[in-house]
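One file, query32.csv, is given below (CSV, C-alpha atoms).
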```
chain,number,residue,atom,x,y,z
A,1,MET,CA,16.0,-20.6,-18.3
A,2,SER,CA,13.7,-22.1,-15.7
A,3,SER,CA,11.5,-19.8,-13.6
A,4,PRO,CA,12.8,-19.1,-10.0
A,5,GLU,CA,10.9,-20.9,-7.3
A,6,PRO,CA,9.2,-18.9,-4.4
A,7,ILE,CA,11.0,-19.4,-1.1
A,8,ALA,CA,8.9,-19.4,2.2
A,9,LEU,CA,10.3,-17.3,5.0
A,10,PRO,CA,10.5,-18.7,8.5
A,11,ASN,CA,8.2,-17.7,11.4
A,12,PRO,CA,5.3,-16.3,9.3
A,13,PRO,CA,2.3,-14.5,10.8
A,14,ASN,CA,-0.4,-16.5,12.7
A,15,ASP,CA,-3.3,-14.7,11.1
A,16,GLY,CA,-4.3,-12.8,8.0
A,17,ILE,CA,-1.4,-10.8,6.5
A,18,THR,CA,-2.4,-7.2,5.7
A,19,SER,CA,0.7,-5.5,4.3
A,20,LEU,CA,4.3,-6.1,3.1
A,21,GLN,CA,7.0,-3.5,2.5
A,22,TYR,CA,10.7,-3.6,2.0
A,23,ILE,CA,12.6,-1.3,4.4
A,24,ASP,CA,14.9,1.0,2.3
A,25,ASN,CA,18.1,0.6,4.4
A,26,ASN,CA,20.4,2.1,1.9
A,27,ASN,CA,23.5,1.8,4.1
A,28,SER,CA,23.3,-2.0,4.3
A,29,SER,CA,24.7,-4.3,1.7
A,30,SER,CA,24.5,-7.4,3.9
A,31,GLN,CA,20.8,-7.2,4.9
A,32,GLN,CA,17.5,-6.6,3.1
A,33,LEU,CA,14.6,-6.1,5.5
A,34,LEU,CA,11.0,-7.0,4.7
A,35,ALA,CA,8.3,-5.8,7.1
A,36,SER,CA,4.8,-7.4,7.4
A,37,THR,CA,1.7,-6.8,9.5
A,38,SER,CA,-1.2,-9.1,10.2
A,39,TRP,CA,-4.4,-9.7,12.1
A,40,ASP,CA,-2.5,-11.2,15.0
A,41,GLY,CA,-1.4,-7.7,15.9
A,42,ALA,CA,2.3,-8.2,15.3
A,43,LEU,CA,4.8,-6.4,13.2
A,44,ARG,CA,7.5,-8.8,11.8
A,45,LEU,CA,10.8,-8.2,10.1
A,46,HIS,CA,12.6,-10.7,7.9
A,47,ASP,CA,16.0,-10.5,6.2
A,48,THR,CA,15.3,-11.7,2.7
A,49,PHE,CA,19.0,-12.0,1.9
A,50,ALA,CA,19.6,-14.5,4.6
A,51,LYS,CA,16.0,-15.8,4.5
A,52,THR,CA,15.8,-15.4,8.3
A,53,HIS,CA,13.3,-14.0,10.8
A,54,VAL,CA,14.7,-10.9,12.5
A,55,LEU,CA,12.0,-9.9,15.0
A,56,THR,CA,8.3,-10.0,16.0
A,57,HIS,CA,6.8,-7.2,18.0
A,58,VAL,CA,3.1,-7.1,19.2
A,59,MET,CA,2.0,-3.5,18.8
A,60,GLU,CA,-0.7,-3.7,21.5
A,61,CYS,CA,-3.5,-2.2,19.4
A,62,GLY,CA,-5.3,-5.3,18.1
A,63,PRO,CA,-5.1,-6.4,14.5
A,64,LEU,CA,-2.8,-4.3,12.3
A,65,LEU,CA,-4.5,-3.3,9.0
A,66,SER,CA,-1.9,-1.0,7.4
A,67,MET,CA,1.8,-0.1,7.3
A,68,THR,CA,4.2,2.3,5.7
A,69,SER,CA,7.9,3.3,5.8
A,70,SER,CA,10.1,5.6,3.9
A,71,ALA,CA,13.8,6.3,3.6
A,72,SER,CA,13.0,10.0,3.5
A,73,LEU,CA,11.5,9.6,7.0
A,74,SER,CA,14.1,7.2,8.4
A,75,SER,CA,15.4,3.8,7.3
A,76,ASN,CA,14.9,2.6,10.9
A,77,LYS,CA,11.2,3.5,11.3
A,78,VAL,CA,8.1,1.6,10.4
A,79,PHE,CA,4.6,3.0,10.9
A,80,THR,CA,1.5,0.8,11.6
A,81,GLY,CA,-2.3,1.4,11.5
A,82,GLY,CA,-4.4,-0.6,14.0
A,83,ILE,CA,-8.0,-1.6,14.1
A,84,ASP,CA,-8.3,0.6,17.2
A,85,GLY,CA,-7.6,3.6,15.1
A,86,SER,CA,-4.0,4.1,16.2
A,87,ILE,CA,-1.0,5.1,14.1
A,88,ARG,CA,2.2,3.9,15.8
A,89,GLN,CA,5.9,4.3,15.1
A,90,PHE,CA,8.2,1.4,15.6
A,91,ASP,CA,11.9,2.1,15.9
A,92,ILE,CA,13.8,-0.9,14.5
A,93,ALA,CA,17.1,0.0,16.2
A,94,THR,CA,15.7,0.1,19.7
A,95,SER,CA,12.5,-2.1,19.2
A,96,THR,CA,10.5,0.7,20.7
A,97,PRO,CA,6.9,1.6,19.7
A,98,SER,CA,5.4,5.1,20.2
A,99,LEU,CA,2.0,6.6,19.5
A,100,ILE,CA,1.7,9.1,16.6
A,101,GLY,CA,-2.1,9.6,16.7
A,102,MET,CA,-5.6,8.2,16.5
A,103,HIS,CA,-8.5,8.0,14.1
A,104,GLY,CA,-11.7,8.8,15.9
A,105,ALA,CA,-9.9,10.5,18.8
A,106,ASN,CA,-12.2,13.6,18.6
A,107,SER,CA,-15.3,11.7,17.7
A,108,SER,CA,-18.4,12.2,19.8
A,109,ASN,CA,-19.7,8.8,18.8
A,110,ASP,CA,-19.8,5.9,21.1
A,111,ASP,CA,-16.7,3.8,21.7
A,112,ASN,CA,-18.1,0.8,19.8
A,113,LYS,CA,-17.9,2.6,16.4
A,114,LYS,CA,-15.2,1.1,14.1
A,115,VAL,CA,-12.5,3.8,13.5
A,116,ALA,CA,-9.8,1.5,12.2
A,117,CYS,CA,-6.8,3.1,10.5
A,118,SER,CA,-7.2,1.1,7.3
A,119,ALA,CA,-4.6,2.8,5.1
A,120,LEU,CA,-1.2,4.4,5.7
A,121,SER,CA,1.3,6.0,3.2
A,122,ALA,CA,4.4,8.0,3.6
A,123,ILE,CA,4.6,11.2,1.6
A,124,HIS,CA,7.6,10.6,-0.7
A,125,ASP,CA,10.5,13.1,-0.5
A,126,SER,CA,9.1,14.4,2.8
A,127,SER,CA,11.3,14.0,5.9
A,128,SER,CA,8.3,14.0,8.3
A,129,LEU,CA,4.9,13.5,6.7
A,130,ILE,CA,2.7,10.4,6.6
A,131,ALA,CA,-0.9,10.2,5.5
A,132,SER,CA,-3.6,8.0,7.1
A,133,ALA,CA,-7.2,7.2,6.2
A,134,GLY,CA,-9.7,5.1,8.1
A,135,TRP,CA,-13.1,3.6,8.6
A,136,ASP,CA,-14.2,6.9,10.2
A,137,ALA,CA,-14.2,8.5,6.7
A,138,LYS,CA,-11.3,10.8,7.6
A,139,PHE,CA,-8.0,11.6,6.0
A,140,HIS,CA,-5.2,12.8,8.3
A,141,LEU,CA,-1.8,14.2,7.6
A,142,TRP,CA,0.7,13.7,10.4
A,143,ASP,CA,4.0,15.4,11.0
A,144,VAL,CA,5.9,12.7,12.9
A,145,ARG,CA,8.5,15.1,14.2
A,146,SER,CA,6.0,17.7,15.5
A,147,SER,CA,6.1,18.8,19.1
A,148,ASN,CA,2.3,18.9,19.0
A,149,LYS,CA,1.9,15.3,19.9
A,150,HIS,CA,-1.0,13.1,18.7
A,151,GLN,CA,-2.6,15.9,16.6
A,152,PRO,CA,-2.8,15.7,12.8
A,153,VAL,CA,-1.7,18.8,10.9
A,154,ILE,CA,-4.4,18.3,8.3
A,155,THR,CA,-7.8,16.6,8.5
A,156,LEU,CA,-10.2,16.2,5.5
A,157,ASP,CA,-13.6,14.5,5.3
A,158,LEU,CA,-13.8,11.5,2.9
A,159,PRO,CA,-17.1,10.4,1.2
A,160,GLY,CA,-16.9,6.9,2.9
A,161,LYS,CA,-14.7,4.3,4.6
A,162,ALA,CA,-11.2,4.2,3.2
A,163,PHE,CA,-10.3,0.9,1.5
A,164,GLY,CA,-6.9,1.8,0.0
A,165,MET,CA,-4.5,4.6,-0.5
A,166,ASP,CA,-1.3,5.5,-2.3
A,167,THR,CA,1.0,8.5,-2.6
A,168,SER,CA,2.6,9.7,-5.9
A,169,LEU,CA,6.4,9.3,-6.2
A,170,ASP,CA,6.8,13.0,-6.7
A,171,GLY,CA,5.3,13.6,-3.3
A,172,THR,CA,2.5,15.9,-4.5
A,173,LYS,CA,-0.6,13.8,-4.5
A,174,VAL,CA,-2.5,11.2,-2.4
A,175,VAL,CA,-5.3,9.0,-3.8
A,176,VAL,CA,-7.8,7.4,-1.4
A,177,ALA,CA,-10.3,4.7,-2.5
A,178,THR,CA,-13.4,4.7,-0.4
A,179,SER,CA,-16.7,2.9,-0.1
A,180,GLY,CA,-19.3,3.7,-2.8
A,181,ARG,CA,-16.6,3.3,-5.5
A,182,GLN,CA,-15.3,6.9,-4.9
A,183,ASN,CA,-11.7,7.8,-5.6
A,184,CYS,CA,-10.4,11.0,-3.9
A,185,PHE,CA,-7.3,12.9,-5.0
A,186,ILE,CA,-5.6,15.2,-2.5
A,187,ASP,CA,-3.0,17.8,-3.4
A,188,VAL,CA,-0.3,17.9,-0.7
A,189,ARG,CA,2.2,20.1,-2.5
A,190,SER,CA,1.4,23.0,0.0
A,191,SER,CA,2.3,20.7,2.9
A,192,SER,CA,6.1,20.4,2.7
A,193,LEU,CA,6.4,20.9,6.4
A,194,SER,CA,9.3,21.4,8.7
A,195,VAL,CA,8.7,20.7,12.4
A,196,THR,CA,6.4,23.2,14.0
A,197,ASN,CA,8.3,25.1,16.7
A,198,ASN,CA,6.3,27.0,19.2
A,199,ASN,CA,9.0,29.6,19.5
A,200,ASP,CA,8.9,30.2,15.7
A,201,LYS,CA,5.9,32.6,15.3
A,202,GLU,CA,6.3,32.7,11.5
A,203,ASN,CA,6.0,29.0,11.2
A,204,SER,CA,3.2,28.6,13.7
A,205,GLN,CA,1.1,31.3,11.9
A,206,GLN,CA,1.3,29.4,8.5
A,207,PRO,CA,-0.6,26.2,8.8
A,208,PRO,CA,-0.1,23.7,6.1
A,209,ILE,CA,-2.7,23.2,3.4
A,210,ALA,CA,-4.0,20.0,1.7
A,211,ASN,CA,-6.9,20.2,-0.7
A,212,MET,CA,-9.3,17.6,-2.2
A,213,ILE,CA,-8.7,18.4,-5.9
A,214,LEU,CA,-10.8,15.6,-7.5
A,215,GLN,CA,-13.4,13.1,-6.5
A,216,ARG,CA,-14.8,10.7,-9.1
A,217,ASP,CA,-16.4,7.3,-9.5
A,218,SER,CA,-14.2,4.3,-10.2
A,219,SER,CA,-14.7,3.0,-13.8
A,220,LEU,CA,-15.1,-0.5,-12.2
A,221,LYS,CA,-18.6,-1.5,-11.2
A,222,TYR,CA,-17.7,-3.2,-8.0
A,223,GLN,CA,-15.9,-2.4,-4.7
A,224,THR,CA,-12.3,-1.3,-5.0
A,225,ARG,CA,-9.8,-3.6,-3.2
A,226,CYS,CA,-6.5,-1.7,-4.1
A,227,ILE,CA,-5.3,1.5,-5.8
A,228,LYS,CA,-1.9,2.6,-6.9
A,229,PHE,CA,-0.3,5.5,-8.8
A,230,PHE,CA,1.8,4.9,-11.9
A,231,PRO,CA,5.4,5.7,-11.1
A,232,SER,CA,5.1,8.6,-13.6
A,233,THR,CA,2.0,9.9,-11.7
A,234,GLN,CA,0.3,10.0,-15.0
A,235,GLY,CA,-2.6,7.7,-13.9
A,236,ILE,CA,-3.7,5.0,-11.5
A,237,ALA,CA,-4.3,1.3,-11.5
A,238,ILE,CA,-7.4,0.0,-9.6
A,239,GLY,CA,-8.1,-3.6,-8.6
A,240,SER,CA,-11.7,-4.7,-7.7
A,241,ILE,CA,-13.4,-7.6,-6.0
A,242,GLU,CA,-14.7,-8.7,-9.4
A,243,GLY,CA,-11.4,-9.8,-11.0
A,244,ARG,CA,-10.7,-6.7,-13.0
A,245,VAL,CA,-8.0,-4.0,-13.2
A,246,ALA,CA,-8.8,-0.5,-14.5
A,247,ILE,CA,-6.2,1.8,-15.9
A,248,GLU,CA,-7.3,5.4,-15.6
A,249,TYR,CA,-5.7,8.8,-16.4
A,250,LEU,CA,-5.8,12.2,-14.6
A,251,THR,CA,-6.5,14.6,-17.4
A,252,GLU,CA,-8.9,16.5,-15.1
A,253,LEU,CA,-5.8,17.5,-13.1
A,254,GLY,CA,-4.0,18.8,-16.2
A,255,ILE,CA,-1.8,15.8,-16.5
A,256,SER,CA,-1.3,14.6,-20.0
A,257,ASN,CA,-2.3,11.1,-20.9
A,258,ASN,CA,-0.3,11.1,-24.2
A,259,ASN,CA,-3.6,10.4,-26.0
A,260,LYS,CA,-4.1,7.1,-24.1
A,261,LYS,CA,-7.6,6.1,-23.1
A,262,LYS,CA,-8.7,4.5,-19.9
A,263,TYR,CA,-9.5,0.8,-20.1
A,264,ALA,CA,-10.1,-2.3,-17.9
A,265,PHE,CA,-9.2,-6.0,-18.3
A,266,LYS,CA,-10.3,-9.2,-16.7
A,267,CYS,CA,-7.8,-11.2,-14.6
A,268,HIS,CA,-7.6,-13.8,-11.8
A,269,ARG,CA,-10.4,-16.0,-13.1
A,270,VAL,CA,-10.6,-19.7,-13.2
A,271,ASN,CA,-13.3,-21.0,-15.5
A,272,ASP,CA,-16.5,-19.4,-14.3
A,273,THR,CA,-15.1,-18.5,-10.9
A,274,ILE,CA,-14.1,-14.8,-10.4
A,275,TYR,CA,-11.6,-13.9,-7.8
A,276,PRO,CA,-10.8,-10.4,-6.2
A,277,VAL,CA,-7.6,-8.6,-7.2
A,278,ASN,CA,-6.2,-8.0,-3.7
A,279,ASP,CA,-3.0,-6.0,-4.5
A,280,ILE,CA,-1.1,-4.2,-7.3
A,281,ALA,CA,2.6,-3.5,-7.1
A,282,PHE,CA,4.5,-1.4,-9.7
A,283,HIS,CA,8.0,-2.4,-10.7
A,284,PRO,CA,10.4,0.4,-9.6
A,285,THR,CA,12.4,0.4,-12.8
A,286,HIS,CA,10.2,-0.6,-15.7
A,287,GLY,CA,6.8,0.8,-14.6
A,288,THR,CA,5.1,-2.5,-15.4
A,289,PHE,CA,3.0,-4.0,-12.5
A,290,ALA,CA,2.2,-7.2,-10.8
A,291,THR,CA,-1.3,-8.2,-9.5
A,292,GLY,CA,-2.0,-10.7,-6.7
A,293,GLY,CA,-5.4,-12.4,-6.7
A,294,ALA,CA,-7.5,-14.5,-4.4
A,295,ASP,CA,-6.9,-17.4,-6.9
A,296,GLY,CA,-3.4,-17.6,-5.4
A,297,THR,CA,-1.6,-16.4,-8.5
A,298,VAL,CA,0.7,-13.5,-9.2
A,299,VAL,CA,0.8,-12.1,-12.8
A,300,THR,CA,2.8,-9.3,-14.3
A,301,TRP,CA,1.4,-6.9,-16.9
A,302,ASP,CA,2.5,-4.1,-19.3
A,303,GLY,CA,-0.1,-1.5,-18.9
A,304,ASN,CA,1.1,0.6,-21.9
A,305,SER,CA,0.9,-2.2,-24.4
A,306,LYS,CA,-2.1,-3.9,-22.6
A,307,LYS,CA,-0.2,-7.2,-22.5
A,308,LYS,CA,0.3,-10.0,-20.0
A,309,LEU,CA,4.0,-10.5,-19.3
A,310,ALA,CA,4.3,-13.6,-17.1
A,311,SER,CA,2.7,-15.7,-14.4
A,312,LEU,CA,5.1,-15.6,-11.5
A,313,ALA,CA,3.6,-17.9,-9.0
A,314,LYS,CA,0.7,-20.2,-7.9
A,315,LEU,CA,0.7,-20.2,-4.1
A,316,PRO,CA,-1.5,-22.3,-1.7
A,317,THR,CA,-4.1,-19.7,-1.1
A,318,SER,CA,-5.1,-16.0,-1.7
A,319,ILE,CA,-2.4,-13.5,-2.5
A,320,ALA,CA,-3.1,-10.9,0.1
A,321,CYS,CA,-0.4,-8.4,-0.7
A,322,LEU,CA,2.8,-7.8,-2.8
A,323,ALA,CA,5.9,-5.8,-2.7
A,324,PHE,CA,9.0,-5.3,-5.0
A,325,ASN,CA,12.3,-4.6,-3.4
A,326,ARG,CA,14.1,-1.4,-4.2
A,327,ASP,CA,15.7,-2.4,-7.5
A,328,GLY,CA,12.9,-4.7,-8.6
A,329,THR,CA,15.0,-7.9,-8.5
A,330,GLU,CA,12.8,-9.6,-5.8
A,331,LEU,CA,9.1,-9.8,-5.2
A,332,ALA,CA,7.6,-10.6,-1.8
A,333,MET,CA,4.2,-12.3,-1.8
A,334,ALA,CA,1.8,-12.9,1.1
A,335,SER,CA,-0.1,-16.2,0.8
A,336,SER,CA,-3.0,-15.6,3.2
A,337,TYR,CA,-6.7,-16.5,2.8
A,338,THR,CA,-8.8,-13.3,2.4
A,339,PHE,CA,-12.2,-14.9,3.1
A,340,GLU,CA,-13.6,-14.4,-0.4
A,341,GLU,CA,-15.3,-17.8,0.1
A,342,GLY,CA,-16.3,-17.2,3.7
A,343,GLU,CA,-15.2,-19.1,6.8
A,344,ARG,CA,-13.5,-22.4,5.9
A,345,ASP,CA,-10.4,-24.4,6.5
A,346,HIS,CA,-7.5,-22.9,4.6
A,347,PRO,CA,-3.7,-23.2,4.3
A,348,ARG,CA,-1.7,-21.4,6.9
A,349,GLU,CA,-0.2,-17.9,6.3
A,350,GLU,CA,3.1,-17.8,4.5
A,351,ILE,CA,5.4,-15.0,3.2
A,352,TYR,CA,7.3,-16.0,0.1
A,353,VAL,CA,10.1,-14.2,-1.8
A,354,ARG,CA,11.0,-14.9,-5.4
A,355,GLU,CA,13.8,-13.7,-7.7
A,356,VAL,CA,12.4,-11.6,-10.6
A,357,LEU,CA,13.8,-12.1,-14.1
A,358,GLU,CA,14.2,-9.2,-16.4
A,359,GLY,CA,12.0,-10.8,-19.1
A,360,GLU,CA,9.1,-11.1,-16.6
A,361,VAL,CA,8.8,-7.4,-16.0
A,362,LYS,CA,10.4,-5.7,-19.0
A,363,PRO,CA,7.8,-3.9,-21.2
A,364,LYS,CA,6.8,-5.4,-24.5
A,365,VAL,CA,8.2,-3.8,-27.6
A,366,VAL,CA,5.3,-2.5,-29.5
A,367,ALA,CA,5.6,-3.0,-33.3
A,368,LYS,CA,5.1,0.2,-35.3
```
Is it possible to give me this structure as structure tokens?
Amino acid sequence: MSSPEPIALPNPPNDGITSLQYIDNNNSSSQQLLASTSWDGALRLHDTFAKTHVLTHVMECGPLLSMTSSASLSSNKVFTGGIDGSIRQFDIATSTPSLIGMHGANSSNDDNKKVACSALSAIHDSSSLIASAGWDAKFHLWDVRSSNKHQPVITLDLPGKAFGMDTSLDGTKVVVATSGRQNCFIDVRSSSLSVTNNNDKENSQQPPIANMILQRDSSLKYQTRCIKFFPSTQGIAIGSIEGRVAIEYLTELGISNNNKKKYAFKCHRVNDTIYPVNDIAFHPTHGTFATGGADGTVVTWDGNSKKKLASLAKLPTSIACLAFNRDGTELAMASSYTFEEGERDHPREEIYVREVLEGEVKPKVVAK
């Protein structure tokens, strides 16, 4: 069987693409929405079933650096993080944006300080919580249904600027990759919040708790570009600017590694040229993962057997971000130059979708 060809979606962003995510609209069998954000400041929605552009909305906060959504929160809501520090909610049904909060809002520093919201992630299984991290070295937890508008329910200090973030599928942990090659693990199990009601004294007297439970160096020697939890929450995968992926485990947190050891491997290299690993996306069914590199390629891997599975695509320029759909039968890929070679002419931004074959993501059978 020949490999499926990537299909470009119409009306792509006009500037660097920063995030991709499928919207989990469970009730729709006729539409599959894919959201994207970019440096042109716009949130876009495409229907990947029909291969059509649905809408573009400029969020009025400058370039958008991050995005998240969750069916637990709402299948009609998307949240964006701006270079101005803002976290905004976009209601798909009404095309209405609203402000959730700001990074740097309580800072005494001058207005020119960069306080961008560089990472956003919904807390899985929560009906109201999203996490944000920014260039101000702060982690915030937001209750999007709270009557206490624009105020985070939790704020923690980070050791440096946030470069990437992910939440575990069981909704108990957040990992933030920061400058200085630090990875911070935050326990949010104590923060299963309902909406704070000023008339409910019992609720208002019990503030939520989130704790930094582990801070450690990345096993990679160079700056982290992306970080993701395994679907099992047993470990993490880290991608760096130096064309390597590290697989690390969380035994310090009492999580069994089944006697597996951490390791790292080289990828996204062409002869003597080394390209950054810009994104990692885990397959929702098989637990294998795809990497997207600045060499323009997308590759799938079986982390357990330490094997390459397949090369899925070679696109015109850097792969800026990736996303699998809900059942892992489709992969969205952003072809968008990430300036690893500095300012130069480059192909225009494109968003591609590609059918995923079972053999490209199914784990290798390890001979005993």
- Query: For His46 (chain A), which residue out of A:Tyr352, A:Ala310, A:Gly81, A:Val365 is the nearest one, using all atoms listed in the file?
  - Reply: A:Tyr352
- Identify, on the basis of only C-alpha atoms, every residue whose closest approach to Lys149 (chain A) does not exceed 9 Å; exclude the query and any residue fewer than 2 positions from it along the same chain; express the result as a list of chain:residue names.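 In the requested format, the answer is A:Leu99, A:Ile100, A:Gly101, A:Val144, A:Arg145, A:Ser146, A:Ser147, A:Gln151, A:Pro152.
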- So which residues touch Gly296 (chain A) within 12 Å, counting all atoms listed in the file, skipping near sequence neighbours fewer than 4 positions away, as a PyMOL selection string? chain A and resi 268-270+275-279+291-292+311-322+333-338+340+347+350
- Task: Would you mind telling me which residue in A:Phe49, A:Asp170, A:Leu129, A:Gln215 lies nearest to Phe79 (chain A) when using only C-alpha atoms?
- Result: A:Leu129
- Item | Among listed residues A:Asn304, A:Thr288, A:Asn271, A:Thr96, nearest Lys362 (chain A) (using all atoms listed in the file) |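 Once distances to Lys362 (chain A) are computed over all atoms listed in the file, the minimum belongs to A:Thr288.
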- Query: From the set A:Ile213, A:Leu9, A:Val115, A:Cys267, which residue has the shortest atom-to-atom contact distance to Glu252 (chain A), counting only C-alpha atoms?
  - Reply: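 Residue with the minimum atom-to-atom distance to Glu252 (chain A): A:Ile213.
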- Task: One decimal, Å: what's the distance from CA of Arg348 (chain A) over to CA of Ala8 (chain A), could you say?
- Result: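 Here the two named atoms are 11.8 Å from each other.
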- Which residue gives the smallest distance to Ile241 (chain A) among A:His150, A:Arg181, A:Lys261, A:Arg326, with all atoms listed in the file counted?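 Checking each of A:His150, A:Arg181, A:Lys261, A:Arg326 against Ile241 (chain A), counting all atoms listed in the file, the winner is A:Arg181.
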- Choose the residue, out of A:Gln182, A:Ser2, A:Thr233, A:Gln89, that has the smallest atom-to-atom separation from Leu220 (chain A); count all atoms listed in the file.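 Once distances to Leu220 (chain A) are computed over all atoms listed in the file, the minimum belongs to A:Gln182.
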- In Å, rounded to a single decimal, give me how far CA of Ile7 (chain A) is from CA of Gly41 (chain A).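 Computed distance, CA of Gly41 (chain A) to CA of Ile7 (chain A), equals 24.1 Å.
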- For CA of Asp187 (chain A) and CA of Thr80 (chain A), quote the distance in Å rounded to one decimal. 23.1 Å
- Message: Just want the 10 Å neighbourhood of Ser219 (chain A), counted on only C-alpha atoms, with same-chain residues fewer than 3 positions away dropped. Output as a list in words.
- Response: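 The residues satisfying every condition are Arg181, Gln182, Asn183, Arg216, Tyr222, Ile238, Val245, Ala246, Ile247, Glu248, Lys262, Tyr263 and Ala264 of chain A.
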- Task: Using all atoms listed in the file, find all polymer residues with an atom at most 12 Å away from the point (7.1, -6.7, -3.2); report them as an NGL selection string.
- Result: :A and (19-23 or 33-36 or 48 or 279-284 or 289-292 or 298 or 319-334 or 351-356)
- Spatial neighbours of Lys221 (chain A), 10 Å, all atoms listed in the file, chain gap at least 4 places, as a ChimeraX atom specification: /A:180-181,217,240-242,244
